[in-house]
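Structure file target-v8.txt with compact mmCIF, C-alpha atoms:
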# COMPACT_ATOMS: atom_id res chain seq x y z
CA MET A 1 138.07 84.15 66.07
CA LYS A 2 135.49 86.43 64.51
CA ILE A 3 131.90 85.74 65.38
CA PRO A 4 129.51 86.63 62.57
CA VAL A 5 126.48 88.39 63.94
CA VAL A 6 123.37 89.17 61.99
CA ARG A 7 122.90 92.73 63.11
CA ASN A 8 119.88 93.62 61.12
CA VAL A 9 116.91 91.31 61.13
CA LEU A 10 115.20 93.75 58.82
CA GLU A 11 118.00 93.57 56.25
CA VAL A 12 117.79 89.78 56.11
CA ASN A 13 114.03 89.99 55.83
CA ASP A 14 114.29 92.53 53.01
CA ARG A 15 116.48 90.12 51.05
CA ILE A 16 114.01 87.26 51.41
CA ALA A 17 111.11 89.56 50.55
CA ASP A 18 112.94 90.71 47.41
CA GLN A 19 113.35 87.07 46.37
CA ASN A 20 109.63 86.48 46.93
CA ARG A 21 108.93 89.53 44.80
CA GLU A 22 110.98 88.13 41.93
CA ILE A 23 108.94 84.94 42.01
CA PHE A 24 105.70 86.91 42.08
CA ASP A 25 106.87 89.03 39.13
CA ARG A 26 107.75 85.95 37.10
CA ASN A 27 104.17 84.78 37.65
CA ASN A 28 102.69 88.15 36.59
CA LEU A 29 101.18 88.48 40.01
CA PHE A 30 100.13 91.70 41.73
CA VAL A 31 100.65 91.38 45.49
CA ILE A 32 99.13 93.43 48.31
CA ASN A 33 100.14 93.43 51.97
CA LEU A 34 96.97 94.38 53.89
CA MET A 35 97.47 95.72 57.41
CA SER A 36 95.37 97.22 60.24
CA SER A 37 94.55 97.08 63.94
CA PRO A 38 92.66 94.02 65.15
CA GLY A 39 89.02 94.19 64.13
CA ALA A 40 89.25 97.05 61.62
CA GLY A 41 87.63 94.80 59.01
CA LYS A 42 90.42 93.29 56.88
CA THR A 43 88.69 89.94 56.33
CA SER A 44 85.33 91.60 55.67
CA LEU A 45 87.00 93.84 53.09
CA LEU A 46 88.50 90.77 51.42
CA GLU A 47 85.15 88.99 51.33
CA LYS A 48 83.48 91.97 49.66
CA THR A 49 86.40 92.54 47.29
CA ILE A 50 86.44 88.90 46.20
CA GLU A 51 82.65 88.91 45.61
CA ARG A 52 83.00 91.92 43.32
CA LEU A 53 86.12 90.88 41.39
CA LYS A 54 86.38 87.11 41.26
CA ASP A 55 84.66 86.73 37.89
CA ARG A 56 87.34 88.87 36.24
CA VAL A 57 90.40 88.53 38.51
CA ASN A 58 91.95 85.29 39.82
CA ILE A 59 92.53 85.99 43.50
CA GLY A 60 94.54 84.11 46.13
CA VAL A 61 94.73 84.99 49.81
CA ILE A 62 97.34 84.29 52.49
CA GLU A 63 95.85 84.82 55.96
CA GLY A 64 98.14 85.68 58.87
CA ASP A 65 96.96 85.06 62.41
CA ILE A 66 98.65 84.25 65.70
CA GLN A 67 96.55 81.13 65.90
CA CYS A 68 93.33 79.58 64.52
CA SER A 69 92.13 79.44 60.91
CA PHE A 70 88.79 81.25 61.08
CA ASP A 71 89.80 83.85 58.51
CA ALA A 72 91.09 81.43 55.86
CA GLU A 73 87.86 79.43 56.28
CA ARG A 74 85.81 82.60 55.70
CA ILE A 75 87.85 83.39 52.57
CA ALA A 76 87.78 79.83 51.18
CA LYS A 77 83.96 79.97 51.29
CA LYS A 78 84.17 82.71 48.69
CA GLY A 79 85.64 80.19 46.24
CA VAL A 80 89.26 81.36 46.01
CA GLN A 81 92.58 79.77 47.00
CA ALA A 82 93.28 80.55 50.68
CA ILE A 83 96.20 79.60 52.92
CA GLN A 84 96.38 80.21 56.67
CA ILE A 85 99.68 81.08 58.36
CA ASN A 86 99.74 80.72 62.15
CA THR A 87 102.57 82.82 63.56
CA ASP A 88 102.38 81.07 66.95
CA GLY A 89 102.73 84.27 68.93
CA ALA A 90 104.60 86.49 66.47
CA CYS A 91 103.00 89.87 65.92
CA HIS A 92 103.63 90.26 62.17
CA LEU A 93 104.26 88.29 58.99
CA ASP A 94 107.72 88.23 57.44
CA GLY A 95 109.30 87.16 54.16
CA ASN A 96 110.07 83.64 55.31
CA MET A 97 106.52 82.90 56.39
CA ILE A 98 105.22 84.05 53.01
CA ARG A 99 107.87 81.97 51.24
CA GLU A 100 106.49 78.82 52.85
CA ALA A 101 102.87 79.70 52.25
CA MET A 102 103.29 80.77 48.62
CA ASN A 103 104.74 77.38 47.75
CA GLN A 104 101.36 75.90 48.58
CA LEU A 105 99.52 78.13 46.10
CA ASP A 106 99.31 77.70 42.32
CA LEU A 107 100.83 81.12 41.63
CA SER A 108 100.64 80.80 37.84
CA ALA A 109 96.84 80.58 38.10
CA LEU A 110 96.57 83.89 40.01
CA ASP A 111 96.42 87.57 39.00
CA LEU A 112 96.16 89.04 42.49
CA LEU A 113 97.56 87.77 45.78
CA ILE A 114 96.39 89.45 48.96
CA VAL A 115 98.36 88.90 52.15
CA GLU A 116 96.26 89.70 55.22
CA ASN A 117 98.71 90.53 57.98
CA VAL A 118 98.30 89.97 61.73
CA GLY A 119 96.06 92.63 63.29
CA ASN A 120 98.58 95.14 64.58
CA LEU A 121 99.04 98.82 63.71
CA VAL A 122 102.74 98.82 64.64
CA CYS A 123 105.07 95.95 63.77
CA PRO A 124 103.81 94.71 60.37
CA ALA A 125 104.76 98.04 58.78
CA GLU A 126 108.45 97.23 59.29
CA PHE A 127 108.52 93.87 57.50
CA LYS A 128 108.25 93.57 53.73
CA VAL A 129 106.86 90.25 52.49
CA GLY A 130 107.47 90.73 48.75
CA GLU A 131 104.42 92.90 48.05
CA ASN A 132 103.97 95.44 45.27
CA MET A 133 102.04 97.64 47.64
CA LYS A 134 101.15 98.01 51.31
CA ILE A 135 97.53 98.91 51.94
CA MET A 136 96.12 99.76 55.34
CA LEU A 137 92.66 99.84 56.82
CA LEU A 138 91.51 102.13 59.62
CA SER A 139 88.11 101.87 61.28
CA VAL A 140 86.45 105.17 62.23
CA THR A 141 85.79 103.58 65.64
CA GLU A 142 89.54 103.75 66.33
CA GLY A 143 89.42 107.55 66.37
CA ASP A 144 90.88 110.35 64.27
CA ASP A 145 94.17 110.66 66.18
CA LYS A 146 95.65 107.45 64.78
CA PRO A 147 97.83 108.86 61.93
CA LEU A 148 99.95 110.93 64.30
CA LYS A 149 100.07 108.21 66.98
CA TYR A 150 101.03 105.34 64.65
CA PRO A 151 102.88 107.19 61.86
CA LEU A 152 105.00 104.44 60.30
CA MET A 153 102.13 102.42 58.86
CA PHE A 154 100.61 105.56 57.35
CA GLN A 155 103.99 106.44 55.84
CA GLU A 156 104.66 102.97 54.43
CA SER A 157 101.23 102.38 52.90
CA ARG A 158 100.23 103.52 49.41
CA VAL A 159 96.51 103.35 50.19
CA LEU A 160 94.36 104.02 53.26
CA ILE A 161 90.90 102.50 53.38
CA ILE A 162 88.77 104.18 56.04
CA ASN A 163 86.20 101.55 57.01
CA LYS A 164 82.93 101.47 59.01
CA ILE A 165 81.82 104.92 57.84
CA ASP A 166 78.25 103.77 58.58
CA LEU A 167 79.18 104.20 62.27
CA LEU A 168 80.24 107.87 61.92
CA PRO A 169 76.95 109.21 63.40
CA TYR A 170 77.61 107.23 66.59
CA VAL A 171 81.33 107.85 67.26
CA ASP A 172 83.52 110.90 67.95
CA CYS A 173 85.64 110.70 64.80
CA SER A 174 86.21 113.24 62.04
CA VAL A 175 87.25 111.85 58.67
CA GLU A 176 88.52 115.34 57.87
CA LYS A 177 90.90 115.14 60.83
CA ILE A 178 92.16 111.71 59.69
CA ARG A 179 92.83 113.23 56.26
CA GLU A 180 94.70 116.16 57.84
CA GLY A 181 96.88 113.79 59.85
CA VAL A 182 97.61 111.70 56.76
CA SER A 183 98.55 114.79 54.74
CA GLN A 184 101.31 115.55 57.26
CA LEU A 185 102.78 112.04 56.88
CA ASN A 186 102.15 110.87 53.32
CA ARG A 187 100.87 113.49 50.89
CA ASP A 188 100.38 111.01 48.03
CA MET A 189 98.37 108.47 50.01
CA ILE A 190 95.25 107.36 48.16
CA ILE A 191 92.23 107.32 50.48
CA PHE A 192 88.95 105.42 50.13
CA GLU A 193 86.04 105.79 52.54
CA VAL A 194 83.96 102.62 52.73
CA SER A 195 81.56 100.56 54.78
CA CYS A 196 81.99 96.83 54.31
CA ARG A 197 78.69 96.41 56.15
CA THR A 198 76.52 98.58 53.89
CA GLY A 199 78.68 98.37 50.75
CA GLU A 200 79.08 102.16 50.54
CA GLY A 201 82.24 103.21 48.71
CA LEU A 202 83.35 99.68 47.80
CA ASP A 203 82.83 100.11 44.05
CA GLY A 204 85.43 102.89 43.92
CA TRP A 205 87.93 100.75 45.78
CA THR A 206 87.46 97.60 43.70
CA ALA A 207 87.51 99.53 40.39
CA TRP A 208 90.82 101.10 41.42
CA LEU A 209 92.24 97.73 42.52
CA GLU A 210 91.22 96.01 39.28
CA GLU A 211 92.96 98.77 37.33
CA GLN A 212 96.17 98.22 39.32
CA VAL A 213 96.08 94.46 38.63
CA ASN A 214 95.52 95.01 34.89
CA ARG A 215 98.24 97.64 34.70
CA ALA A 216 100.74 95.36 36.45
CA ALA A 217 99.89 92.49 34.06
CA ILE A 218 100.57 94.73 31.04
CA SER A 219 103.86 96.07 32.37
CA GLN A 220 105.11 92.58 33.23
CA ALA A 221 104.01 90.99 29.95
CA MET B 222 136.52 81.81 74.16
CA LYS B 223 133.00 81.74 75.45
CA ILE B 224 130.71 84.47 74.20
CA PRO B 225 128.04 85.44 76.72
CA VAL B 226 124.73 85.83 74.97
CA VAL B 227 121.59 87.16 76.55
CA ARG B 228 119.21 84.54 75.31
CA ASN B 229 116.05 85.74 76.87
CA VAL B 230 115.07 89.37 76.57
CA LEU B 231 111.96 88.49 78.51
CA GLU B 232 113.95 87.15 81.47
CA VAL B 233 115.95 90.36 81.71
CA ASN B 234 112.78 92.37 81.49
CA ASP B 235 111.12 90.28 84.19
CA ARG B 236 114.01 91.06 86.53
CA ILE B 237 113.72 94.81 85.98
CA ALA B 238 109.94 94.63 86.32
CA ASP B 239 110.30 92.79 89.64
CA GLN B 240 112.60 95.56 90.89
CA ASN B 241 110.02 98.17 89.85
CA ARG B 242 107.40 96.19 91.71
CA GLU B 243 109.46 96.26 94.91
CA ILE B 244 109.67 100.04 94.69
CA PHE B 245 105.93 100.28 94.08
CA ASP B 246 105.24 98.01 97.06
CA ARG B 247 107.46 100.10 99.34
CA ASN B 248 105.32 103.09 98.35
CA ASN B 249 102.02 101.26 99.04
CA LEU B 250 101.09 101.72 95.43
CA PHE B 251 98.63 99.62 93.43
CA VAL B 252 99.77 99.42 89.81
CA ILE B 253 97.77 98.52 86.71
CA ASN B 254 99.10 97.77 83.22
CA LEU B 255 96.27 98.75 80.83
CA MET B 256 96.40 97.22 77.36
CA SER B 257 94.25 97.07 74.20
CA SER B 258 94.18 97.50 70.42
CA PRO B 259 94.60 101.04 69.10
CA GLY B 260 91.43 103.05 69.59
CA ALA B 261 89.61 100.70 71.97
CA GLY B 262 89.24 103.58 74.43
CA LYS B 263 92.05 103.29 77.00
CA THR B 264 92.52 107.03 77.45
CA SER B 265 88.77 107.65 77.57
CA LEU B 266 88.44 104.98 80.25
CA LEU B 267 91.19 106.68 82.26
CA GLU B 268 89.52 110.08 81.96
CA LYS B 269 86.23 108.68 83.24
CA THR B 270 87.90 106.64 85.97
CA ILE B 271 89.88 109.63 87.24
CA GLU B 272 86.76 111.83 87.28
CA ARG B 273 84.97 109.27 89.46
CA LEU B 274 87.80 108.39 91.86
CA LYS B 275 90.17 111.32 92.19
CA ASP B 276 88.53 112.79 95.31
CA ARG B 277 89.22 109.58 97.22
CA VAL B 278 92.18 107.97 95.43
CA ASN B 279 95.49 109.65 94.50
CA ILE B 280 96.09 108.59 90.90
CA GLY B 281 99.15 108.85 88.66
CA VAL B 282 99.32 107.86 85.00
CA ILE B 283 102.19 106.81 82.74
CA GLU B 284 101.18 107.08 79.08
CA GLY B 285 102.94 104.95 76.47
CA ASP B 286 102.84 106.00 72.83
CA ILE B 287 105.13 105.54 69.86
CA GLN B 288 105.27 109.28 69.50
CA CYS B 289 103.38 112.46 70.50
CA SER B 290 101.99 113.42 73.91
CA PHE B 291 98.29 113.86 73.20
CA ASP B 292 97.23 111.28 75.75
CA ALA B 293 99.29 112.61 78.67
CA GLU B 294 97.92 116.08 77.91
CA ARG B 295 94.36 114.71 78.06
CA ILE B 296 95.09 113.03 81.39
CA ALA B 297 96.91 116.03 82.92
CA LYS B 298 93.78 118.12 82.27
CA LYS B 299 91.98 115.88 84.76
CA GLY B 300 94.28 117.20 87.50
CA VAL B 301 96.48 114.16 88.18
CA GLN B 302 100.20 113.47 87.71
CA ALA B 303 100.84 112.28 84.15
CA ILE B 304 104.06 111.28 82.38
CA GLN B 305 104.37 110.50 78.67
CA ILE B 306 106.75 107.83 77.41
CA ASN B 307 107.55 107.91 73.69
CA THR B 308 108.80 104.51 72.58
CA ASP B 309 110.14 105.90 69.28
CA GLY B 310 108.84 102.99 67.22
CA ALA B 311 108.73 100.22 69.81
CA CYS B 312 105.41 98.41 69.97
CA HIS B 313 105.16 97.90 73.75
CA LEU B 314 106.36 99.27 77.09
CA ASP B 315 108.96 97.40 79.11
CA GLY B 316 110.38 97.48 82.61
CA ASN B 317 113.20 99.85 81.75
CA MET B 318 110.92 102.47 80.23
CA ILE B 319 108.73 102.42 83.33
CA ARG B 320 111.81 102.68 85.57
CA GLU B 321 112.75 105.96 83.92
CA ALA B 322 109.24 107.35 83.96
CA MET B 323 108.45 106.40 87.56
CA ASN B 324 111.46 108.35 88.78
CA GLN B 325 109.72 111.49 87.57
CA LEU B 326 106.61 110.85 89.67
CA ASP B 327 106.14 111.49 93.38
CA LEU B 328 105.29 107.86 94.13
CA SER B 329 104.79 108.39 97.86
CA ALA B 330 101.90 110.74 97.09
CA LEU B 331 100.04 108.13 95.02
CA ASP B 332 97.65 105.26 95.82
CA LEU B 333 97.10 104.05 92.26
CA LEU B 334 99.43 104.14 89.25
CA ILE B 335 97.95 103.30 85.86
CA VAL B 336 100.31 102.48 83.00
CA GLU B 337 98.58 102.91 79.65
CA ASN B 338 100.46 100.70 77.22
CA VAL B 339 100.99 101.22 73.47
CA GLY B 340 97.87 100.30 71.47
CA ASN B 341 98.62 96.72 70.43
CA LEU B 342 96.75 93.51 71.20
CA VAL B 343 99.85 91.32 70.81
CA CYS B 344 103.27 92.37 72.11
CA PRO B 345 102.48 94.25 75.36
CA ALA B 346 101.10 91.05 76.91
CA GLU B 347 104.62 89.56 76.94
CA PHE B 348 106.34 92.33 78.89
CA LYS B 349 105.78 92.90 82.60
CA VAL B 350 106.41 96.45 83.78
CA GLY B 351 106.08 95.87 87.54
CA GLU B 352 102.30 95.89 87.71
CA ASN B 353 100.06 94.20 90.28
CA MET B 354 97.58 93.42 87.56
CA LYS B 355 97.18 93.49 83.79
CA ILE B 356 93.83 94.81 82.63
CA MET B 357 92.69 94.78 79.02
CA LEU B 358 90.08 96.66 77.08
CA LEU B 359 88.22 95.34 74.03
CA SER B 360 85.87 97.43 71.95
CA VAL B 361 82.76 95.68 70.61
CA THR B 362 83.63 97.20 67.22
CA GLU B 363 86.63 94.85 67.05
CA GLY B 364 84.36 91.82 66.81
CA ASP B 365 83.61 88.80 68.98
CA ASP B 366 86.35 86.55 67.53
CA LYS B 367 89.20 88.37 69.28
CA PRO B 368 89.75 86.11 72.34
CA LEU B 369 90.58 83.09 70.20
CA LYS B 370 92.62 85.11 67.68
CA TYR B 371 94.72 87.00 70.26
CA PRO B 372 94.74 84.55 73.19
CA LEU B 373 97.82 85.64 75.15
CA MET B 374 96.48 88.99 76.25
CA PHE B 375 93.23 87.37 77.40
CA GLN B 376 95.23 84.78 79.32
CA GLU B 377 97.57 87.28 80.97
CA SER B 378 94.94 89.80 82.03
CA ARG B 379 92.99 89.63 85.28
CA VAL B 380 90.20 91.86 83.99
CA LEU B 381 88.52 92.42 80.64
CA ILE B 382 86.64 95.66 80.10
CA ILE B 383 84.32 95.40 77.10
CA ASN B 384 83.91 98.99 75.90
CA LYS B 385 81.61 100.86 73.48
CA ILE B 386 78.57 98.74 74.32
CA ASP B 387 76.46 101.71 73.15
CA LEU B 388 77.47 100.66 69.60
CA LEU B 389 76.15 97.07 69.93
CA PRO B 390 72.95 97.81 67.94
CA TYR B 391 75.07 98.91 64.95
CA VAL B 392 77.80 96.22 64.78
CA ASP B 393 77.91 92.45 64.28
CA CYS B 394 79.26 91.53 67.70
CA SER B 395 77.88 89.24 70.38
CA VAL B 396 79.05 89.92 73.94
CA GLU B 397 77.93 86.37 74.74
CA LYS B 398 80.37 85.04 72.13
CA ILE B 399 83.21 87.15 73.61
CA ARG B 400 82.39 85.67 77.03
CA GLU B 401 82.42 82.14 75.60
CA GLY B 402 85.83 82.72 74.03
CA VAL B 403 87.19 84.13 77.28
CA SER B 404 85.86 81.16 79.26
CA GLN B 405 88.02 78.85 77.11
CA LEU B 406 91.16 80.86 77.86
CA ASN B 407 90.83 82.33 81.34
CA ARG B 408 87.95 81.06 83.44
CA ASP B 409 88.59 83.48 86.33
CA MET B 410 88.71 86.61 84.21
CA ILE B 411 86.57 89.41 85.64
CA ILE B 412 84.50 91.08 82.94
CA PHE B 413 82.92 94.54 82.93
CA GLU B 414 80.70 95.82 80.11
CA VAL B 415 80.90 99.61 79.77
CA SER B 416 80.44 102.58 77.50
CA CYS B 417 82.88 105.39 78.20
CA ARG B 418 80.73 107.56 75.95
CA THR B 419 77.40 107.15 77.78
CA GLY B 420 78.82 106.20 81.18
CA GLU B 421 76.91 102.89 81.27
CA GLY B 422 78.60 100.29 83.48
CA LEU B 423 81.39 102.57 84.69
CA ASP B 424 80.21 102.69 88.32
CA GLY B 425 80.66 98.93 88.67
CA TRP B 426 84.17 99.12 87.29
CA THR B 427 85.32 102.06 89.43
CA ALA B 428 83.79 100.59 92.62
CA TRP B 429 85.68 97.35 91.99
CA LEU B 430 88.92 99.23 91.26
CA GLU B 431 88.64 101.36 94.39
CA GLU B 432 88.17 98.20 96.45
CA GLN B 433 91.36 96.70 94.98
CA VAL B 434 93.34 99.85 95.80
CA ASN B 435 92.06 99.89 99.39
CA ARG B 436 92.69 96.19 99.85
CA ALA B 437 96.27 96.52 98.58
CA ALA B 438 96.91 99.45 100.94
CA ILE B 439 95.74 97.38 103.94
CA SER B 440 97.78 94.32 103.01
CA GLN B 441 100.93 96.40 102.48
CA ALA B 442 100.50 98.50 105.65
Any chance you could give the structure as structure tokens?
Amino acid sequence: MKIPVVRNVLEVNDRIADQNREIFDRNNLFVINLMSSPGAGKTSLLEKTIERLKDRVNIGVIEGDIQCSFDAERIAKKGVQAIQINTDGACHLDGNMIREAMNQLDLSALDLLIVENVGNLVCPAEFKVGENMKIMLLSVTEGDDKPLKYPLMFQESRVLIINKIDLLPYVDCSVEKIREGVSQLNRDMIIFEVSCRTGEGLDGWTAWLEEQVNRAAISQA
Amino acid sequence: MKIPVVRNVLEVNDRIADQNREIFDRNNLFVINLMSSPGAGKTSLLEKTIERLKDRVNIGVIEGDIQCSFDAERIAKKGVQAIQINTDGACHLDGNMIREAMNQLDLSALDLLIVENVGNLVCPAEFKVGENMKIMLLSVTEGDDKPLKYPLMFQESRVLIINKIDLLPYVDCSVEKIREGVSQLNRDMIIFEVSCRTGEGLDGWTAWLEEQVNRAAISQA
């Protein structure tokens, strides 16, 4: 008797994520998987991004948290569709979780879907959810040694948003050193420096994002 | 034919961790498992703690990182035994990794062994390594919603060290709200408020730690 064993959880997840991606593509939807450490400012970035874009871009958000629904409540207040996933202990989102959540959204009404992953600089980078692009956030308060200490997320992400630059005068962190670390791991990474608190740098980020959404809509049409 | 399946990775780990603990106990060693998000200040806390205690307490450190050895190099400069574990992608330390590392330390010469876990507010809380006590660090820059969003680590830890309190004037974080969240999860948690940068609050923490080390030595003698 031969016992079938699923040897590669990641392979199975990739297959489900690819199926999600097909559904997103059919709905002309641009999908971002947003990742960072706990407290780097993912939800604040979403709030500010939604405020700036929601008159021109139809945005939906899937919030991933171990438990509670604080973040989806914050996002829903901004007037967009928001779904909360509770992973019940799991440290990352995967394709299956997104599959369930996306069925509760009106995908055809959306241009941009943002998946906010569980706060974790390690595990989420390994699991595709069906996104067009992984985007990561790093707070300057985390220090400038993070690219070389947590390389996978920096390698897997297309964009790095360096947040909380208003705190640079008060912390020992060099943005130049972050950029040097990134250049060793992912030469083509696009980097934005922002402060969600003061608004500095956010216009550059949202203009770029809007361009990506429009470009995806044209190529899929 | 019956196929034996190891159903519970955690059970196996617990067994190895318990064996580590026996070895630590035989060596009259007090062992801490130090956990936090990336960049909350674990290594800085160790540097400051070693500076304050090393004339009276023999300290060893096991550093856990996905890759690189920056942290063990920082610790070794303080004149104590330091070993670096590279997990090669894994998001937490486990009993087996500590078993290998501890064999490279002169345990009989130590009073206090500090295991600095991989920066991750989720997974490390599930894996014992043989410690007497889990201690966690939270930076005020991570925000005051973290206890309810990442409950397990707050439940598993005996002590919470709230770090970077020098940044409180510049961030939207209420220490009172952190304390309220903790009180819902772990009423007996001991809380220290410190700034590794300015030194504020560190004397209280190191005095408490030294007392624990001395108390453990008496009870094991």
Identify which of the residues B:Glu432, B:Thr264, B:Arg242, B:Ile287 lies closest to Met323 in chain B, counting all atoms listed in the file when measuring atom-to-atom distances.
-> B:Arg242
Restricting the calculation to all atoms listed in the file, which member of A:Asn28, A:Thr141, A:Asn214, A:Asn13 is positioned closest to chain B?
->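 Ranked by minimum distance to chain B, first place goes to A:Thr141.
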For CA of Ile412 in chain B and CA of Val252 in chain B, the interatomic separation in Å (one decimal) =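 Interatomic distance here is 18.7 Å.
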Distance limit 7 Å, atoms considered: all atoms listed in the file. Which chain B residues sit that close to chain A? Return them as a PDB file with C-alpha atoms, keeping the file's coordinate frame.
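Output below, filename iface_11.pdb:
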ATOM      1  CA  SER B 258      94.180  97.500  70.420  1.00  0.00           C
ATOM      2  CA  PRO B 259      94.600 101.040  69.100  1.00  0.00           C
ATOM      3  CA  GLY B 260      91.430 103.050  69.590  1.00  0.00           C
ATOM      4  CA  ALA B 261      89.610 100.700  71.970  1.00  0.00           C
ATOM      5  CA  ASP B 286     102.840 106.000  72.830  1.00  0.00           C
ATOM      6  CA  ILE B 287     105.130 105.540  69.860  1.00  0.00           C
ATOM      7  CA  GLN B 288     105.270 109.280  69.500  1.00  0.00           C
ATOM      8  CA  CYS B 289     103.380 112.460  70.500  1.00  0.00           C
ATOM      9  CA  CYS B 312     105.410  98.410  69.970  1.00  0.00           C
ATOM     10  CA  ASN B 341      98.620  96.720  70.430  1.00  0.00           C
ATOM     11  CA  VAL B 343      99.850  91.320  70.810  1.00  0.00           C
ATOM     12  CA  CYS B 344     103.270  92.370  72.110  1.00  0.00           C
ATOM     13  CA  THR B 362      83.630  97.200  67.220  1.00  0.00           C
ATOM     14  CA  GLU B 363      86.630  94.850  67.050  1.00  0.00           C
ATOM     15  CA  GLY B 364      84.360  91.820  66.810  1.00  0.00           C
ATOM     16  CA  LYS B 370      92.620  85.110  67.680  1.00  0.00           C
ATOM     17  CA  TYR B 371      94.720  87.000  70.260  1.00  0.00           C
TER      18      TYR B 371
END
Would you work out the distance separating CA of Asn353 in chain B from CA of Val301 in chain B, expressed in Å to one decimal?
->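 CA of Val301 in chain B lies 20.4 Å from CA of Asn353 in chain B.
Of the listed residues (B:Asn338, B:Gln433, B:Phe375, B:Val415), B:Asn338 comes nearest to Asn254 in chain B; the distances count all atoms listed in the file.
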Option closest in space to Val434 in chain B, from B:Val233, B:Leu334, B:Ile283, B:Leu255 [counting all atoms listed in the file] = B:Leu334
Anything within 10 Å of (88.9, 88.5, 41.5): list those residues as a ChimeraX atom specification, counting only C-alpha atoms and sticking to the file's coordinates.
-> /A:49-60,80,110-113,206,209-210,213
Within 9 Å of Arg99 in chain A using only C-alpha atoms, minus same-chain residues under 2 positions, as a short mmCIF file (atom, residue, chain, number, x, y, z; two decimals) with C-alpha atoms, keeping the file's coordinate frame:
data_model
loop_
_atom_site.label_atom_id
_atom_site.label_comp_id
_atom_site.auth_asym_id
_atom_site.auth_seq_id
_atom_site.Cartn_x
_atom_site.Cartn_y
_atom_site.Cartn_z
CA ILE A 16 114.01 87.26 51.41
CA ALA A 17 111.11 89.56 50.55
CA GLN A 19 113.35 87.07 46.37
CA ASN A 20 109.63 86.48 46.93
CA ASP A 94 107.72 88.23 57.44
CA GLY A 95 109.30 87.16 54.16
CA ASN A 96 110.07 83.64 55.31
CA MET A 97 106.52 82.90 56.39
CA ALA A 101 102.87 79.70 52.25
CA MET A 102 103.29 80.77 48.62
CA ASN A 103 104.74 77.38 47.75
CA VAL A 129 106.86 90.25 52.49
#
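The space between CA of Gln305 in chain B and CA of Lys177 in chain A spans 22.8 Å.
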